[in-house]
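Source file: query_19.txt. Holds: compact mmCIF, C-alpha atoms.
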# COMPACT_ATOMS: atom_id res chain seq x y z
CA MET A 1 8.60 -12.36 -20.78
CA THR A 2 8.31 -9.90 -17.92
CA GLN A 3 9.01 -11.33 -14.46
CA ILE A 4 6.25 -10.47 -11.98
CA LEU A 5 7.93 -10.03 -8.59
CA ASP A 6 5.59 -11.77 -6.16
CA GLY A 7 6.14 -10.02 -2.84
CA LYS A 8 3.75 -12.35 -1.04
CA ALA A 9 5.82 -15.40 -1.96
CA VAL A 10 9.16 -13.73 -1.19
CA ALA A 11 7.85 -12.46 2.17
CA GLU A 12 6.50 -15.91 3.07
CA ARG A 13 9.86 -17.45 2.29
CA LEU A 14 11.69 -14.85 4.38
CA ARG A 15 9.32 -15.36 7.33
CA GLY A 16 9.94 -19.10 7.08
CA GLN A 17 13.69 -18.55 7.22
CA LEU A 18 13.27 -16.31 10.27
CA ALA A 19 11.09 -18.91 11.98
CA THR A 20 13.79 -21.55 11.44
CA ARG A 21 16.44 -19.28 12.96
CA ILE A 22 14.25 -18.39 15.95
CA ALA A 23 13.43 -22.04 16.62
CA ALA A 24 17.14 -22.63 17.19
CA LEU A 25 17.39 -19.89 19.83
CA ASP A 26 16.83 -20.24 23.57
CA PHE A 27 14.67 -17.10 23.67
CA LYS A 28 11.92 -15.41 21.68
CA PRO A 29 12.79 -11.97 20.29
CA GLY A 30 10.45 -9.41 21.81
CA LEU A 31 8.59 -6.91 19.61
CA VAL A 32 6.21 -4.23 20.89
CA VAL A 33 4.10 -1.94 18.72
CA LEU A 34 2.83 1.32 20.20
CA ARG A 35 -0.38 2.39 18.50
CA VAL A 36 -2.12 5.63 19.45
CA GLY A 37 -5.67 6.33 18.33
CA GLU A 38 -7.97 4.61 15.85
CA ASP A 39 -6.48 5.12 12.39
CA PRO A 40 -8.10 2.29 10.33
CA ALA A 41 -5.08 1.56 8.13
CA SER A 42 -2.87 1.33 11.21
CA GLY A 43 -5.27 -1.17 12.72
CA VAL A 44 -5.03 -3.44 9.66
CA TYR A 45 -1.24 -3.21 9.58
CA VAL A 46 -0.86 -3.94 13.28
CA ARG A 47 -3.16 -6.98 13.12
CA ASN A 48 -1.23 -8.38 10.16
CA LYS A 49 2.06 -7.72 11.93
CA ASP A 50 0.92 -9.48 15.10
CA LYS A 51 -0.23 -12.52 13.12
CA ALA A 52 3.01 -12.78 11.12
CA ALA A 53 5.23 -12.21 14.16
CA THR A 54 3.50 -14.80 16.30
CA ALA A 55 3.59 -17.38 13.49
CA ALA A 56 7.35 -16.85 13.09
CA GLY A 57 8.01 -17.37 16.81
CA PHE A 58 8.41 -13.80 18.05
CA ALA A 59 7.07 -12.61 21.40
CA SER A 60 4.92 -9.87 19.88
CA ARG A 61 2.37 -7.58 21.49
CA THR A 62 0.65 -4.29 20.77
CA ARG A 63 0.16 -1.50 23.29
CA HIS A 64 -2.92 0.37 22.07
CA LEU A 65 -3.22 3.82 23.64
CA PRO A 66 -6.26 6.11 23.37
CA GLU A 67 -6.42 9.10 21.03
CA SER A 68 -6.25 11.38 24.10
CA THR A 69 -2.75 10.14 25.04
CA THR A 70 -0.41 13.11 25.46
CA GLU A 71 3.04 13.34 23.94
CA ALA A 72 4.58 13.13 27.40
CA GLU A 73 2.62 9.96 28.16
CA LEU A 74 3.74 8.34 24.90
CA LEU A 75 7.37 9.26 25.58
CA ALA A 76 7.06 7.70 29.04
CA GLU A 77 5.76 4.47 27.45
CA ILE A 78 8.72 4.46 25.06
CA ALA A 79 11.18 5.04 27.93
CA ALA A 80 9.72 2.06 29.81
CA LEU A 81 10.13 -0.18 26.76
CA ASN A 82 13.68 1.07 26.21
CA ALA A 83 14.50 -0.09 29.76
CA ASP A 84 12.73 -3.46 29.44
CA PRO A 85 15.34 -6.18 28.72
CA SER A 86 12.69 -8.50 27.24
CA VAL A 87 11.92 -5.99 24.46
CA ASP A 88 14.22 -6.16 21.45
CA GLY A 89 12.21 -4.07 19.00
CA ILE A 90 9.94 -1.05 19.38
CA LEU A 91 7.72 0.24 16.60
CA VAL A 92 5.80 3.50 17.00
CA GLN A 93 2.95 3.10 14.55
CA LEU A 94 2.43 6.12 12.29
CA PRO A 95 0.46 8.26 11.81
CA LEU A 96 0.16 9.62 15.34
CA PRO A 97 -2.58 12.01 16.44
CA ALA A 98 -1.89 15.61 15.39
CA HIS A 99 -0.99 16.73 18.93
CA ILE A 100 1.96 14.29 19.12
CA ARG A 101 5.13 15.06 17.17
CA ALA A 102 6.21 12.00 15.22
CA GLU A 103 9.83 13.15 15.22
CA ALA A 104 9.84 13.35 19.03
CA ALA A 105 8.47 9.83 19.38
CA ILE A 106 10.91 8.39 16.84
CA ALA A 107 13.89 10.09 18.47
CA ALA A 108 12.85 8.74 21.88
CA VAL A 109 13.24 5.09 20.83
CA ASP A 110 16.53 3.42 21.74
CA PRO A 111 18.39 3.20 18.38
CA ALA A 112 19.29 -0.42 19.17
CA LYS A 113 15.54 -1.22 19.37
CA ASP A 114 14.46 1.01 16.47
CA VAL A 115 13.22 -1.77 14.17
CA ASP A 116 11.55 0.77 11.87
CA GLY A 117 15.00 2.19 11.14
CA PHE A 118 13.78 5.78 11.44
CA HIS A 119 15.89 7.04 14.36
CA PRO A 120 18.31 9.82 13.32
CA ILE A 121 21.25 7.71 14.50
CA ASN A 122 20.24 4.79 12.28
CA ALA A 123 19.56 7.15 9.38
CA GLY A 124 23.02 8.67 9.90
CA ARG A 125 24.67 5.25 10.03
CA LEU A 126 23.01 4.29 6.76
CA ALA A 127 24.11 7.55 5.11
CA SER A 128 27.65 6.96 6.40
CA GLY A 129 27.82 3.41 5.09
CA LEU A 130 27.86 1.93 8.60
CA PRO A 131 25.79 -1.06 9.80
CA GLY A 132 22.50 -0.30 11.52
CA LEU A 133 18.79 -0.95 11.40
CA VAL A 134 17.39 -0.05 7.97
CA PRO A 135 13.83 1.13 7.14
CA CYS A 136 11.69 -1.89 6.33
CA THR A 137 10.19 -0.92 2.97
CA PRO A 138 13.54 -0.11 1.28
CA ARG A 139 14.99 -3.28 2.77
CA GLY A 140 12.09 -5.21 1.27
CA ALA A 141 12.71 -3.59 -2.11
CA MET A 142 16.32 -4.80 -1.98
CA HIS A 143 15.07 -8.36 -1.36
CA LEU A 144 12.87 -8.04 -4.45
CA LEU A 145 15.80 -6.81 -6.55
CA ALA A 146 17.68 -9.92 -5.43
CA GLU A 147 14.65 -12.00 -6.47
CA ALA A 148 14.86 -10.38 -9.90
CA LYS A 149 18.57 -11.30 -10.01
CA ALA A 150 19.34 -7.66 -10.72
CA THR A 151 22.96 -6.77 -11.45
CA LEU A 152 23.35 -3.77 -9.15
CA ARG A 153 27.04 -2.95 -9.49
CA GLY A 154 27.34 -0.14 -12.01
CA ALA A 155 23.59 -0.05 -12.75
CA ARG A 156 21.86 3.28 -13.18
CA ALA A 157 19.13 3.52 -10.53
CA VAL A 158 16.50 6.25 -10.39
CA VAL A 159 14.48 6.69 -7.18
CA VAL A 160 11.36 8.81 -7.68
CA GLY A 161 10.56 10.12 -4.22
CA ARG A 162 12.64 11.74 -1.48
CA SER A 163 10.89 10.84 1.78
CA GLN A 164 12.85 9.92 4.89
CA ILE A 165 10.89 6.66 5.09
CA VAL A 166 11.46 5.31 1.57
CA GLY A 167 13.14 7.52 -1.03
CA ARG A 168 16.29 8.63 0.77
CA PRO A 169 17.11 5.33 2.51
CA MET A 170 16.36 3.47 -0.73
CA ALA A 171 18.91 5.62 -2.52
CA GLN A 172 21.48 4.96 0.20
CA LEU A 173 21.00 1.18 -0.05
CA LEU A 174 21.38 1.28 -3.81
CA LEU A 175 24.47 3.45 -3.50
CA ALA A 176 25.96 0.96 -1.04
CA ALA A 177 25.32 -1.74 -3.65
CA ASP A 178 27.47 0.24 -6.14
CA CYS A 179 24.63 1.63 -8.24
CA THR A 180 24.84 5.06 -9.82
CA VAL A 181 21.87 6.71 -8.14
CA THR A 182 19.63 9.63 -9.05
CA ILE A 183 16.97 10.87 -6.63
CA ALA A 184 14.11 12.45 -8.56
CA HIS A 185 10.74 13.77 -7.43
CA SER A 186 7.57 15.46 -8.61
CA ARG A 187 9.40 18.75 -9.29
CA THR A 188 12.30 17.22 -11.22
CA ARG A 189 12.73 18.83 -14.65
CA ASP A 190 11.87 16.38 -17.45
CA LEU A 191 11.05 13.57 -15.03
CA PRO A 192 10.02 11.19 -17.84
CA GLU A 193 13.48 11.40 -19.39
CA GLU A 194 15.17 10.83 -16.03
CA CYS A 195 13.08 7.68 -15.57
CA ARG A 196 13.93 6.43 -19.07
CA ARG A 197 17.63 6.39 -18.14
CA ALA A 198 17.05 3.89 -15.34
CA ASP A 199 18.14 0.27 -15.35
CA ILE A 200 16.39 0.11 -11.97
CA LEU A 201 13.38 2.36 -11.40
CA ILE A 202 12.02 2.78 -7.87
CA ALA A 203 8.67 4.57 -7.69
CA ALA A 204 7.92 6.05 -4.26
CA VAL A 205 6.28 9.39 -4.98
CA GLY A 206 2.75 8.67 -3.67
CA ARG A 207 0.79 9.67 -6.77
CA PRO A 208 -1.46 7.11 -8.46
CA GLU A 209 -0.07 5.89 -11.80
CA MET A 210 2.05 9.01 -12.20
CA ILE A 211 4.84 7.09 -13.95
CA ARG A 212 3.55 6.09 -17.38
CA GLY A 213 4.59 3.08 -19.37
CA ASP A 214 6.63 5.04 -21.89
CA TRP A 215 8.73 6.43 -19.02
CA VAL A 216 10.12 2.92 -18.48
CA ARG A 217 13.18 1.88 -20.45
CA GLU A 218 12.92 -1.44 -22.27
CA GLY A 219 14.41 -4.10 -19.97
CA ALA A 220 14.35 -2.02 -16.79
CA ILE A 221 13.45 -3.46 -13.38
CA VAL A 222 10.56 -1.56 -11.81
CA ILE A 223 9.88 -1.57 -8.06
CA ASP A 224 6.61 0.23 -7.31
CA VAL A 225 6.40 1.23 -3.64
CA GLY A 226 3.23 3.30 -4.05
CA ILE A 227 -0.11 2.17 -2.65
CA ASN A 228 -2.91 4.53 -3.68
CA ARG A 229 -6.67 4.03 -3.37
CA LEU A 230 -8.74 5.41 -6.25
CA PRO A 231 -12.26 6.83 -5.74
CA ASP A 232 -13.75 3.49 -6.88
CA GLY A 233 -11.78 1.71 -4.14
CA LYS A 234 -9.22 0.10 -6.44
CA LEU A 235 -5.60 -0.01 -5.21
CA VAL A 236 -2.95 1.12 -7.68
CA GLY A 237 0.72 1.96 -7.48
CA ASP A 238 2.71 4.97 -8.60
CA VAL A 239 3.37 3.23 -11.93
CA ALA A 240 0.79 2.65 -14.68
CA TYR A 241 1.22 -1.10 -14.36
CA ALA A 242 -0.52 -2.28 -17.52
CA GLU A 243 1.47 0.19 -19.62
CA ALA A 244 4.82 -0.64 -18.00
CA LEU A 245 4.36 -4.42 -17.93
CA PRO A 246 5.40 -5.18 -21.52
CA ARG A 247 8.43 -2.89 -21.32
CA ALA A 248 9.94 -4.01 -18.00
CA ALA A 249 12.20 -7.01 -17.46
CA ALA A 250 10.70 -7.36 -13.98
CA ILE A 251 8.02 -5.42 -12.12
CA THR A 252 6.17 -5.49 -8.80
CA PRO A 253 2.37 -5.55 -8.81
CA VAL A 254 0.21 -3.41 -6.52
CA PRO A 255 -1.05 -4.88 -4.29
CA GLY A 256 1.13 -7.91 -3.64
CA GLY A 257 4.56 -6.52 -4.44
CA VAL A 258 6.50 -4.39 -1.98
CA GLY A 259 3.70 -4.23 0.61
CA PRO A 260 4.04 -7.77 2.01
CA MET A 261 7.80 -7.29 2.31
CA THR A 262 7.47 -4.48 4.85
CA ILE A 263 6.22 -6.69 7.69
CA ALA A 264 8.67 -9.47 6.81
CA CYS A 265 11.56 -7.01 6.97
CA LEU A 266 10.26 -5.59 10.26
CA LEU A 267 10.61 -9.10 11.66
CA GLU A 268 14.04 -9.46 10.08
CA ASN A 269 15.11 -6.21 11.76
CA THR A 270 13.73 -7.41 15.10
CA LEU A 271 15.70 -10.64 14.97
CA GLU A 272 18.87 -8.76 14.06
CA ALA A 273 18.28 -6.28 16.90
CA ALA A 274 17.75 -9.15 19.35
CA LEU A 275 20.94 -10.91 18.32
CA ALA A 276 22.96 -7.68 18.38
CA ARG A 277 21.74 -6.80 21.88
CA ARG A 278 22.77 -10.23 23.17
CA ALA A 279 26.11 -10.43 21.35

Output the file's structure in the form of structure tokens.
Amino acid sequence: MTQILDGKAVAERLRGQLATRIAALDFKPGLVVLRVGEDPASGVYVRNKDKAATAAGFASRTRHLPESTTEAELLAEIAALNADPSVDGILVQLPLPAHIRAEAAIAAVDPAKDVDGFHPINAGRLASGLPGLVPCTPRGAMHLLAEAKATLRGARAVVVGRSQIVGRPMAQLLLAADCTVTIAHSRTRDLPEECRRADILIAAVGRPEMIRGDWVREGAIVIDVGINRLPDGKLVGDVAYAEALPRAAAITPVPGGVGPMTIACLLENTLEAALARRA
């Protein structure tokens, strides 16, 4: 029987573990989210993050700046948070308004407080096999692979997607776990056959149900990172879930799979950043 990887349950358990660790500290790790503008999805994410962080014992707050905020003003806000000793983690909520360069904002965050794991220094440390803060969604996917009791050493892993946020760091984490890793994407020749080789298939291409059931090898573990809204409002992943379900040994649903893990791993990163800064 296929194992359904319940990201909500795993995330709740992880948040509980973090709360226990924080309760034993003599301080509350500080997390600040910088949100610019009125993107609706960002608003939902930030509210959920604030609720989860507060419940786990973090000192969490959101700095909501107007759409008219200039790049220079945002960079000044980041510089002030970098210098604030009570702030352990800084998250610049994406997307930013078109007149602000995301790469400039990300690079301005102190790498030691970069709990999104996007700073070039943290990306370089991950690629070099050195410790650092890791992007939250790939980190959450690794927790789900552990939940599936996946044997990673020597496994053939295929990551469909090459973004800096998910695909590339996901591949680096799998490589560090001794997988044999292939990064594929929408322009890969014979993508279905590449997917069929995978013991572990990570879908992060951002196209609704692009990966069909017969692309999944019997007994593979499928982690679907995609969250796509169809015209009728239904949320689906990058994998045709109903088709893949009977073929996979374990699979994440959408919603309720990788999504809940992202906030939990943001909090995990924040606690690690706080402890590292005070070591």

Near A:Glu243, counting all atoms listed in the file, which residues have an atom at most 10 Å away, once you skip same-chain residues fewer than 5 positions from it, shown as a PyMOL selection string? chain A and resi 209+211-216+248

Stretch 166-169 of chain A surroundings by all atoms listed in the file, 10 Å radius, close-in-sequence under 5 positions cut, as a VMD selection string: chain A and resid 117 to 118 123 126 to 127 134 to 139 141 159 to 161 174 to 175 183 to 185 202 to 205 225

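Proximity to A:Thr262 was assessed for A:Asp116, A:Asp238, A:Asp110, A:Asp190 counting all atoms listed in the file; the smallest distance is recorded for A:Asp116.
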
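The residue that comes closest to A:Ile4, out of A:Asp224, A:Glu73, A:Asp232, A:Asp88 and on the basis of all atoms listed in the file, is A:Asp224.
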
Between A:Arg101, A:Arg47, A:Arg247, A:Arg61, which has the minimum distance to A:Leu75 (counting only C-alpha atoms)? A:Arg101

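Take the candidates A:Thr182, A:Ile90, A:Val109, A:Gly57 and check each one against A:Ala24 using only C-alpha atoms; the shortest distance goes to A:Gly57.
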